Structures are given as structure tokens and as C-alpha cells.
Amino acid sequence: MRILIINGSPKGKYSITLQTCNYIKKLHPQHEWNTLFVGQQIRSIEKELTEWMAGSKDTLCPTLQRMQEADLLLFSYPVYTCLVPAQLHRFIELLKLSGVDLRGHCATQLCTSRHFYDVTALRFMEDNATDLGLRMLDPLSADMEDLQKPVGQLQARQWWQLIE
């Protein structure tokens with residue numbers, strides 16, 4: 001399975017949420033894993049998508065091509081004050097503006113928070129993914145420290161078994 005992690009954290013590779021993705025990735029090397037660093041690279045992604053939308057749309061731009069080729073889109077993000085990071089929010093807006101056809105593709109989400117209104121962020125992502133035509137699978141909402149505890153690791157493994 002080809003999995004594209006859409007990392008919405010501004011911390012990039014140092015994201016706590018991404019570490020949970022990396023944990024799952026390490027346990028399942030049979031899959032092809034790629035990461036799109038939306039949180040850190042939103043300016044360049046915005047430029048790429050804007051130029052693509054203004055030009056001829058004969059072929060997809062690299063970001064949209066990566067999304068089309070993936071079997072599963074995994075939105076990975078921290079929850080900041082009840083919602084997703086602004087960079088991920090902007091990426092979703094750009095996807096909608098682009099008119100990309102993602103119907104039939106599967107997606108899921110993994111977020112980390114202190115469980116304070118994380119349901120709001122989860123619902124935001126689910127509603128927007130549905131707008132894009134994505135088929136959403138059950139999410140994992142983990143505490144920021146869960147990966148350090150055996151029970152949190154077990155929870156992540158069990159969630160992935162449902163997704164896989």
C-alpha cells in the first residue's frame with residue numbers, strides 16, 4: 001500500500017504527531033511511505049498550486065500527483081486551541097480551490113492533543129475531506145505523551161490494524 005502522510009505540523013520532522021506515524025511506519029515496512037510537509041512548506045506548496053491553477057492543467061502538479069498516486073492519505077497534525085494548524089487549514093483551502101478529484105481515495109487522520117476540543121479538529125478534517133470526495137476511515141486522537149507509554153503504543157498499533 002502507498003501511504004502519503006500529510007504532516008500539518010509546523011515543527012516538521014520534529015512533530016510529536018509525526019513520531020507516532022514514524023512508529024507505525026517502522027512496524028510496517030512492507031508499505032511504501034512518503035511524507036508531505038505541509039506545515040513547514042505551505043508557502044512553496046501554495047506557490048506550486050497557484051501557478052498550476054493559473055496555467056494549463058494538462059498534468060497535475062507534483063503535490064497533487066503524489067496525492068493521486070497514494071492508496072491512503074494520512075493527515076497527521078497537532079491540535080492547537082481546538083483546531084488544526086493554520087498551515088493545514090490553508091492546504092485544505094488550496095485543495096478545494098484546485099478542483100482536484102480525490103473521489104474514491106481513502107484517508108484517515110492522526111492527531112495529538114491534550115484532548116481539549118480535539119473532536120472539533122477531527123470533525124473539521126472529516127467534513128473537509130468528505131467535501132473533497134475522500135472516504136474517511138476512523139481517526140486516532142492520541143495524547144501528546146501516549147507514544148512514551150506502552151498503553152499508548154498499543155493504542156496506536158490497534159488503530160493501525162483497523163486502518164490496514
# chains A, B, ... in the order shown; residues from 1 in each chain; ligands from 1

call {"tool": "select_by_dssp", "arguments": {"residues": "range 23-141 of chain A", "states": "alpha helix (DSSP H)", "output": "ChimeraX atom specification"}}
result
/A:23-27,38-54,62-69,86-98,118-131

call {"tool": "residues_around", "arguments": {"residues": "range 6-12 of chain A", "least_positions_apart": "5", "cutoff": "9 Å", "atoms": "only C-alpha atoms", "output": "PDB file with N, CA, C and O atoms, in the first residue's frame"}}
result
ATOM      1  N   THR A  17       3.369  14.386  16.690  1.00  0.00           N
ATOM      2  CA  THR A  17       2.386  13.594  15.959  1.00  0.00           C
ATOM      3  C   THR A  17       3.067  12.740  14.899  1.00  0.00           C
ATOM      4  O   THR A  17       2.736  11.567  14.721  1.00  0.00           O
ATOM      5  N   LEU A  18       4.028  13.324  14.203  1.00  0.00           N
ATOM      6  CA  LEU A  18       4.750  12.588  13.169  1.00  0.00           C
ATOM      7  C   LEU A  18       5.530  11.419  13.768  1.00  0.00           C
ATOM      8  O   LEU A  18       5.715  10.395  13.112  1.00  0.00           O
ATOM      9  N   ASN A  34       5.519   7.880   2.249  1.00  0.00           N
ATOM     10  CA  ASN A  34       6.055   9.175   1.849  1.00  0.00           C
ATOM     11  C   ASN A  34       5.415  10.239   2.726  1.00  0.00           C
ATOM     12  O   ASN A  34       4.312  10.037   3.243  1.00  0.00           O
ATOM     13  N   THR A  35       6.095  11.354   2.864  1.00  0.00           N
ATOM     14  CA  THR A  35       5.581  12.432   3.705  1.00  0.00           C
ATOM     15  C   THR A  35       5.589  13.745   2.945  1.00  0.00           C
ATOM     16  O   THR A  35       6.566  14.081   2.277  1.00  0.00           O
ATOM     17  N   LEU A  36       4.499  14.464   3.076  1.00  0.00           N
ATOM     18  CA  LEU A  36       4.364  15.806   2.528  1.00  0.00           C
ATOM     19  C   LEU A  36       4.328  16.749   3.727  1.00  0.00           C
ATOM     20  O   LEU A  36       3.426  16.660   4.555  1.00  0.00           O
ATOM     21  N   PHE A  37       5.323  17.624   3.828  1.00  0.00           N
ATOM     22  CA  PHE A  37       5.459  18.509   4.988  1.00  0.00           C
ATOM     23  C   PHE A  37       4.702  19.815   4.761  1.00  0.00           C
ATOM     24  O   PHE A  37       5.284  20.880   4.558  1.00  0.00           O
ATOM     25  N   VAL A  38       3.379  19.723   4.835  1.00  0.00           N
ATOM     26  CA  VAL A  38       2.507  20.872   4.601  1.00  0.00           C
ATOM     27  C   VAL A  38       2.743  21.969   5.638  1.00  0.00           C
ATOM     28  O   VAL A  38       2.761  23.156   5.303  1.00  0.00           O
ATOM     29  N   GLY A  39       2.919  21.596   6.887  1.00  0.00           N
ATOM     30  CA  GLY A  39       3.089  22.580   7.957  1.00  0.00           C
ATOM     31  C   GLY A  39       4.305  23.456   7.775  1.00  0.00           C
ATOM     32  O   GLY A  39       4.263  24.655   8.058  1.00  0.00           O
ATOM     33  N   GLN A  40       5.388  22.907   7.298  1.00  0.00           N
ATOM     34  CA  GLN A  40       6.625  23.674   7.104  1.00  0.00           C
ATOM     35  C   GLN A  40       6.741  24.262   5.709  1.00  0.00           C
ATOM     36  O   GLN A  40       7.407  25.259   5.519  1.00  0.00           O
ATOM     37  N   GLN A  41       6.118  23.656   4.730  1.00  0.00           N
ATOM     38  CA  GLN A  41       6.340  24.058   3.339  1.00  0.00           C
ATOM     39  C   GLN A  41       5.103  24.680   2.695  1.00  0.00           C
ATOM     40  O   GLN A  41       4.985  24.691   1.476  1.00  0.00           O
ATOM     41  N   LEU A  73      -4.298   8.492   2.268  1.00  0.00           N
ATOM     42  CA  LEU A  73      -3.798   9.785   2.740  1.00  0.00           C
ATOM     43  C   LEU A  73      -3.950   9.791   4.255  1.00  0.00           C
ATOM     44  O   LEU A  73      -5.049   9.562   4.768  1.00  0.00           O
ATOM     45  N   LEU A  74      -2.851  10.039   4.955  1.00  0.00           N
ATOM     46  CA  LEU A  74      -2.879  10.063   6.412  1.00  0.00           C
ATOM     47  C   LEU A  74      -2.589  11.499   6.863  1.00  0.00           C
ATOM     48  O   LEU A  74      -1.466  11.961   6.764  1.00  0.00           O
ATOM     49  N   PHE A  75      -3.628  12.197   7.293  1.00  0.00           N
ATOM     50  CA  PHE A  75      -3.466  13.556   7.790  1.00  0.00           C
ATOM     51  C   PHE A  75      -2.958  13.480   9.222  1.00  0.00           C
ATOM     52  O   PHE A  75      -3.620  12.929  10.095  1.00  0.00           O
ATOM     53  N   SER A  76      -1.793  14.036   9.448  1.00  0.00           N
ATOM     54  CA  SER A  76      -1.123  13.988  10.747  1.00  0.00           C
ATOM     55  C   SER A  76      -0.935  15.428  11.227  1.00  0.00           C
ATOM     56  O   SER A  76      -0.316  16.234  10.533  1.00  0.00           O
ATOM     57  N   TYR A  77      -1.450  15.726  12.425  1.00  0.00           N
ATOM     58  CA  TYR A  77      -1.382  17.117  12.887  1.00  0.00           C
ATOM     59  C   TYR A  77      -1.596  17.213  14.394  1.00  0.00           C
ATOM     60  O   TYR A  77      -2.279  16.383  14.989  1.00  0.00           O
ATOM     61  N   PRO A  78      -1.043  18.263  14.996  1.00  0.00           N
ATOM     62  CA  PRO A  78      -1.351  18.553  16.391  1.00  0.00           C
ATOM     63  C   PRO A  78      -2.626  19.404  16.437  1.00  0.00           C
ATOM     64  O   PRO A  78      -2.968  20.073  15.465  1.00  0.00           O
ATOM     65  N   VAL A  84      -7.043  22.584  13.780  1.00  0.00           N
ATOM     66  CA  VAL A  84      -5.811  22.174  13.111  1.00  0.00           C
ATOM     67  C   VAL A  84      -4.910  23.393  12.931  1.00  0.00           C
ATOM     68  O   VAL A  84      -5.384  24.529  12.958  1.00  0.00           O
ATOM     69  N   PRO A  85      -3.607  23.190  12.713  1.00  0.00           N
ATOM     70  CA  PRO A  85      -2.720  24.329  12.450  1.00  0.00           C
ATOM     71  C   PRO A  85      -3.167  25.103  11.200  1.00  0.00           C
ATOM     72  O   PRO A  85      -3.720  24.526  10.259  1.00  0.00           O
ATOM     73  N   ALA A  86      -2.909  26.384  11.198  1.00  0.00           N
ATOM     74  CA  ALA A  86      -3.318  27.258  10.094  1.00  0.00           C
ATOM     75  C   ALA A  86      -2.750  26.782   8.754  1.00  0.00           C
ATOM     76  O   ALA A  86      -3.402  26.907   7.716  1.00  0.00           O
ATOM     77  N   GLN A  87      -1.553  26.226   8.768  1.00  0.00           N
ATOM     78  CA  GLN A  87      -0.921  25.764   7.532  1.00  0.00           C
ATOM     79  C   GLN A  87      -1.724  24.617   6.906  1.00  0.00           C
ATOM     80  O   GLN A  87      -1.892  24.566   5.689  1.00  0.00           O
ATOM     81  N   LEU A  88      -2.200  23.710   7.733  1.00  0.00           N
ATOM     82  CA  LEU A  88      -3.020  22.603   7.231  1.00  0.00           C
ATOM     83  C   LEU A  88      -4.366  23.126   6.751  1.00  0.00           C
ATOM     84  O   LEU A  88      -4.889  22.683   5.724  1.00  0.00           O
ATOM     85  N   HIS A  89      -4.918  24.072   7.479  1.00  0.00           N
ATOM     86  CA  HIS A  89      -6.180  24.694   7.081  1.00  0.00           C
ATOM     87  C   HIS A  89      -6.025  25.324   5.693  1.00  0.00           C
ATOM     88  O   HIS A  89      -6.885  25.150   4.815  1.00  0.00           O
ATOM     89  N   PHE A  91      -3.838  24.522   3.391  1.00  0.00           N
ATOM     90  CA  PHE A  91      -3.656  23.451   2.417  1.00  0.00           C
ATOM     91  C   PHE A  91      -5.007  22.889   1.975  1.00  0.00           C
ATOM     92  O   PHE A  91      -5.229  22.659   0.783  1.00  0.00           O
TER      93      PHE A  91
END

call {"tool": "atom_distance", "arguments": {"atom1": "CA of Pro62 in chain A", "atom2": "CA of Met125 in chain A"}}
result
22.4 Å

call {"tool": "residues_around", "arguments": {"residues": "Glu46 in chain A", "least_positions_apart": "2", "cutoff": "12 Å", "atoms": "only C-alpha atoms", "output": "list of chain:residue names"}}
result
A:Val38, A:Gly39, A:Gln40, A:Gln41, A:Ile42, A:Arg43, A:Ser44, A:Glu48, A:Leu49, A:Thr50, A:Glu51, A:Trp52, A:Met53, A:Cys61, A:Thr63, A:Leu64, A:Gln87, A:Leu88, A:His89, A:Arg90, A:Phe91, A:Ile92, A:Glu93, A:Leu94, A:Leu95, A:Leu97, A:Ser98

call {"tool": "select_by_dssp", "arguments": {"residues": "chain A", "states": "strand (DSSP E)", "output": "tab-separated table (two decimals) with N, CA, C and O atoms, in the first residue's frame"}}
result
chain	number	residue	atom	x	y	z
A	2	ARG	N	0.53	2.24	-0.80
A	2	ARG	CA	1.26	3.51	-0.85
A	2	ARG	C	0.55	4.50	0.06
A	2	ARG	O	-0.60	4.86	-0.18
A	3	ILE	N	1.27	4.96	1.08
A	3	ILE	CA	0.70	5.85	2.08
A	3	ILE	C	1.40	7.19	2.01
A	3	ILE	O	2.64	7.26	2.04
A	4	LEU	N	0.62	8.26	1.92
A	4	LEU	CA	1.16	9.61	1.94
A	4	LEU	C	0.75	10.26	3.25
A	4	LEU	O	-0.44	10.48	3.50
A	5	ILE	N	1.74	10.53	4.09
A	5	ILE	CA	1.50	11.24	5.34
A	5	ILE	C	1.48	12.73	5.01
A	5	ILE	O	2.46	13.27	4.47
A	6	ILE	N	0.39	13.40	5.32
A	6	ILE	CA	0.29	14.84	5.12
A	6	ILE	C	0.49	15.46	6.49
A	6	ILE	O	-0.43	15.52	7.31
A	7	ASN	N	1.74	15.87	6.74
A	7	ASN	CA	2.13	16.36	8.05
A	7	ASN	C	1.80	17.85	8.16
A	7	ASN	O	2.44	18.68	7.55
A	32	GLU	N	4.76	1.38	1.25
A	32	GLU	CA	5.56	2.49	0.73
A	32	GLU	C	5.08	3.76	1.41
A	32	GLU	O	3.93	4.17	1.24
A	33	TRP	N	5.96	4.39	2.18
A	33	TRP	CA	5.61	5.57	2.98
A	33	TRP	C	6.28	6.82	2.41
A	33	TRP	O	7.48	6.81	2.14
A	34	ASN	N	5.52	7.88	2.25
A	34	ASN	CA	6.05	9.17	1.85
A	34	ASN	C	5.42	10.24	2.73
A	34	ASN	O	4.31	10.04	3.24
A	35	THR	N	6.10	11.35	2.86
A	35	THR	CA	5.58	12.43	3.70
A	35	THR	C	5.59	13.74	2.94
A	35	THR	O	6.57	14.08	2.28
A	36	LEU	N	4.50	14.46	3.08
A	36	LEU	CA	4.36	15.81	2.53
A	36	LEU	C	4.33	16.75	3.73
A	36	LEU	O	3.43	16.66	4.56
A	72	LEU	N	-3.60	5.63	0.41
A	72	LEU	CA	-4.15	6.16	1.66
A	72	LEU	C	-3.48	7.49	1.97
A	72	LEU	O	-2.25	7.60	1.93
A	73	LEU	N	-4.30	8.49	2.27
A	73	LEU	CA	-3.80	9.78	2.74
A	73	LEU	C	-3.95	9.79	4.26
A	73	LEU	O	-5.05	9.56	4.77
A	74	LEU	N	-2.85	10.04	4.95
A	74	LEU	CA	-2.88	10.06	6.41
A	74	LEU	C	-2.59	11.50	6.86
A	74	LEU	O	-1.47	11.96	6.76
A	75	PHE	N	-3.63	12.20	7.29
A	75	PHE	CA	-3.47	13.56	7.79
A	75	PHE	C	-2.96	13.48	9.22
A	75	PHE	O	-3.62	12.93	10.10
A	76	SER	N	-1.79	14.04	9.45
A	76	SER	CA	-1.12	13.99	10.75
A	76	SER	C	-0.94	15.43	11.23
A	76	SER	O	-0.32	16.23	10.53
A	77	TYR	N	-1.45	15.73	12.42
A	77	TYR	CA	-1.38	17.12	12.89
A	77	TYR	C	-1.60	17.21	14.39
A	77	TYR	O	-2.28	16.38	14.99
A	78	PRO	N	-1.04	18.26	15.00
A	78	PRO	CA	-1.35	18.55	16.39
A	78	PRO	C	-2.63	19.40	16.44
A	78	PRO	O	-2.97	20.07	15.46
A	106	CYS	N	-9.01	6.84	-0.10
A	106	CYS	CA	-9.21	6.68	1.34
A	106	CYS	C	-8.29	7.62	2.10
A	106	CYS	O	-7.17	7.90	1.67
A	107	ALA	N	-8.76	8.06	3.24
A	107	ALA	CA	-7.97	8.93	4.10
A	107	ALA	C	-8.29	8.62	5.55
A	107	ALA	O	-9.35	8.07	5.87
A	108	THR	N	-7.36	8.96	6.40
A	108	THR	CA	-7.56	8.86	7.84
A	108	THR	C	-6.80	10.01	8.48
A	108	THR	O	-6.11	10.76	7.80
A	109	GLN	N	-6.92	10.11	9.77
A	109	GLN	CA	-6.23	11.19	10.46
A	109	GLN	C	-5.70	10.72	11.81
A	109	GLN	O	-6.31	9.89	12.47
A	110	LEU	N	-4.56	11.27	12.14
A	110	LEU	CA	-3.93	11.01	13.42
A	110	LEU	C	-3.59	12.38	14.00
A	110	LEU	O	-2.86	13.15	13.37
A	111	CYS	N	-4.16	12.69	15.15
A	111	CYS	CA	-3.86	13.97	15.78
A	111	CYS	C	-3.37	13.73	17.20
A	111	CYS	O	-3.65	12.69	17.80
A	112	THR	N	-2.63	14.69	17.69
A	112	THR	CA	-2.20	14.66	19.10
A	112	THR	C	-2.66	15.95	19.75
A	112	THR	O	-2.67	17.02	19.13
A	113	SER	N	-3.06	15.82	21.00
A	113	SER	CA	-3.55	16.98	21.75
A	113	SER	C	-3.56	16.62	23.23
A	113	SER	O	-3.13	15.55	23.62
A	135	ARG	N	-12.91	9.11	1.19
A	135	ARG	CA	-13.60	8.17	2.07
A	135	ARG	C	-12.81	8.12	3.37
A	135	ARG	O	-11.68	7.64	3.39
A	136	MET	N	-13.39	8.62	4.44
A	136	MET	CA	-12.67	8.72	5.70
A	136	MET	C	-12.80	7.46	6.55
A	136	MET	O	-13.89	6.94	6.75
A	140	LEU	N	-7.34	8.44	14.84
A	140	LEU	CA	-6.72	8.22	16.15
A	140	LEU	C	-6.42	9.58	16.74
A	140	LEU	O	-5.74	10.40	16.13
A	141	SER	N	-6.98	9.82	17.91
A	141	SER	CA	-6.69	11.04	18.65
A	141	SER	C	-5.89	10.63	19.88
A	141	SER	O	-6.43	10.04	20.82
A	142	ALA	N	-4.60	10.91	19.83
A	142	ALA	CA	-3.71	10.49	20.91
A	142	ALA	C	-3.32	11.68	21.78
A	142	ALA	O	-3.32	12.83	21.32
A	143	ASP	N	-2.97	11.39	23.01
A	143	ASP	CA	-2.40	12.41	23.86
A	143	ASP	C	-0.96	12.65	23.41
A	143	ASP	O	-0.33	11.77	22.83

call {"tool": "residues_around", "arguments": {"residues": "Leu102 in chain A", "least_positions_apart": "3", "cutoff": "9 Å", "atoms": "only C-alpha atoms", "output": "JSON, numbers by chain"}}
result
{"A": [67, 68, 105, 106, 132, 133, 134]}

call {"tool": "write_last_selection", "arguments": {"atoms": "all heavy atoms", "output": "CSV table (one decimal), in the first residue's frame"}}
result
chain,number,residue,atom,x,y,z
A,67,MET,N,-0.6,12.9,-4.2
A,67,MET,CA,-1.9,12.6,-3.5
A,67,MET,C,-2.7,11.6,-4.4
A,67,MET,O,-3.3,10.7,-3.8
A,67,MET,CB,-2.7,13.9,-3.3
A,67,MET,CG,-2.1,14.8,-2.2
A,67,MET,SD,-3.0,16.2,-1.9
A,67,MET,CE,-4.3,15.5,-0.9
A,68,GLN,N,-2.7,11.8,-5.7
A,68,GLN,CA,-3.5,10.9,-6.6
A,68,GLN,C,-2.9,9.5,-6.6
A,68,GLN,O,-3.6,8.5,-6.7
A,68,GLN,CB,-3.5,11.5,-8.0
A,68,GLN,CG,-4.4,12.6,-8.2
A,68,GLN,CD,-5.9,12.2,-8.4
A,68,GLN,OE1,-6.2,11.0,-8.4
A,68,GLN,NE2,-6.7,13.1,-8.5
A,105,HIS,N,-10.7,7.9,-3.1
A,105,HIS,CA,-9.4,7.7,-2.3
A,105,HIS,C,-9.8,7.6,-0.8
A,105,HIS,O,-10.7,8.2,-0.4
A,105,HIS,CB,-8.5,8.9,-2.5
A,105,HIS,CG,-7.7,8.8,-3.8
A,105,HIS,ND1,-8.3,9.1,-5.0
A,105,HIS,CD2,-6.4,8.5,-4.1
A,105,HIS,CE1,-7.4,9.0,-6.0
A,105,HIS,NE2,-6.3,8.6,-5.4
A,106,CYS,N,-9.0,6.8,-0.1
A,106,CYS,CA,-9.2,6.7,1.3
A,106,CYS,C,-8.3,7.6,2.1
A,106,CYS,O,-7.2,7.9,1.7
A,106,CYS,CB,-8.9,5.2,1.8
A,106,CYS,SG,-10.2,4.1,1.2
A,132,LEU,N,-14.0,16.9,-0.3
A,132,LEU,CA,-13.0,16.6,-1.4
A,132,LEU,C,-13.3,15.2,-2.0
A,132,LEU,O,-12.6,14.8,-2.9
A,132,LEU,CB,-11.6,16.7,-0.8
A,132,LEU,CG,-11.1,18.0,-0.5
A,132,LEU,CD1,-9.8,18.0,0.4
A,132,LEU,CD2,-10.8,18.9,-1.7
A,133,GLY,N,-14.3,14.5,-1.5
A,133,GLY,CA,-14.6,13.2,-2.1
A,133,GLY,C,-13.9,12.1,-1.4
A,133,GLY,O,-13.9,10.9,-1.9
A,134,LEU,N,-13.1,12.3,-0.4
A,134,LEU,CA,-12.4,11.3,0.3
A,134,LEU,C,-13.3,10.4,1.1
A,134,LEU,O,-14.2,10.9,1.7
A,134,LEU,CB,-11.3,11.9,1.1
A,134,LEU,CG,-10.1,12.6,0.4
A,134,LEU,CD1,-9.3,13.4,1.4
A,134,LEU,CD2,-9.3,11.6,-0.3

call {"tool": "residues_around", "arguments": {"residues": "Gln158 in chain A", "least_positions_apart": "5", "cutoff": "12 Å", "atoms": "only C-alpha atoms", "output": "MDAnalysis selection string"}}
result
chainID A and resid 24 27 138:140 151:153 163:164

call {"tool": "atom_distance", "arguments": {"atom1": "CA of Gly99 in chain A", "atom2": "CA of Leu83 in chain A"}}
result
23.8 Å
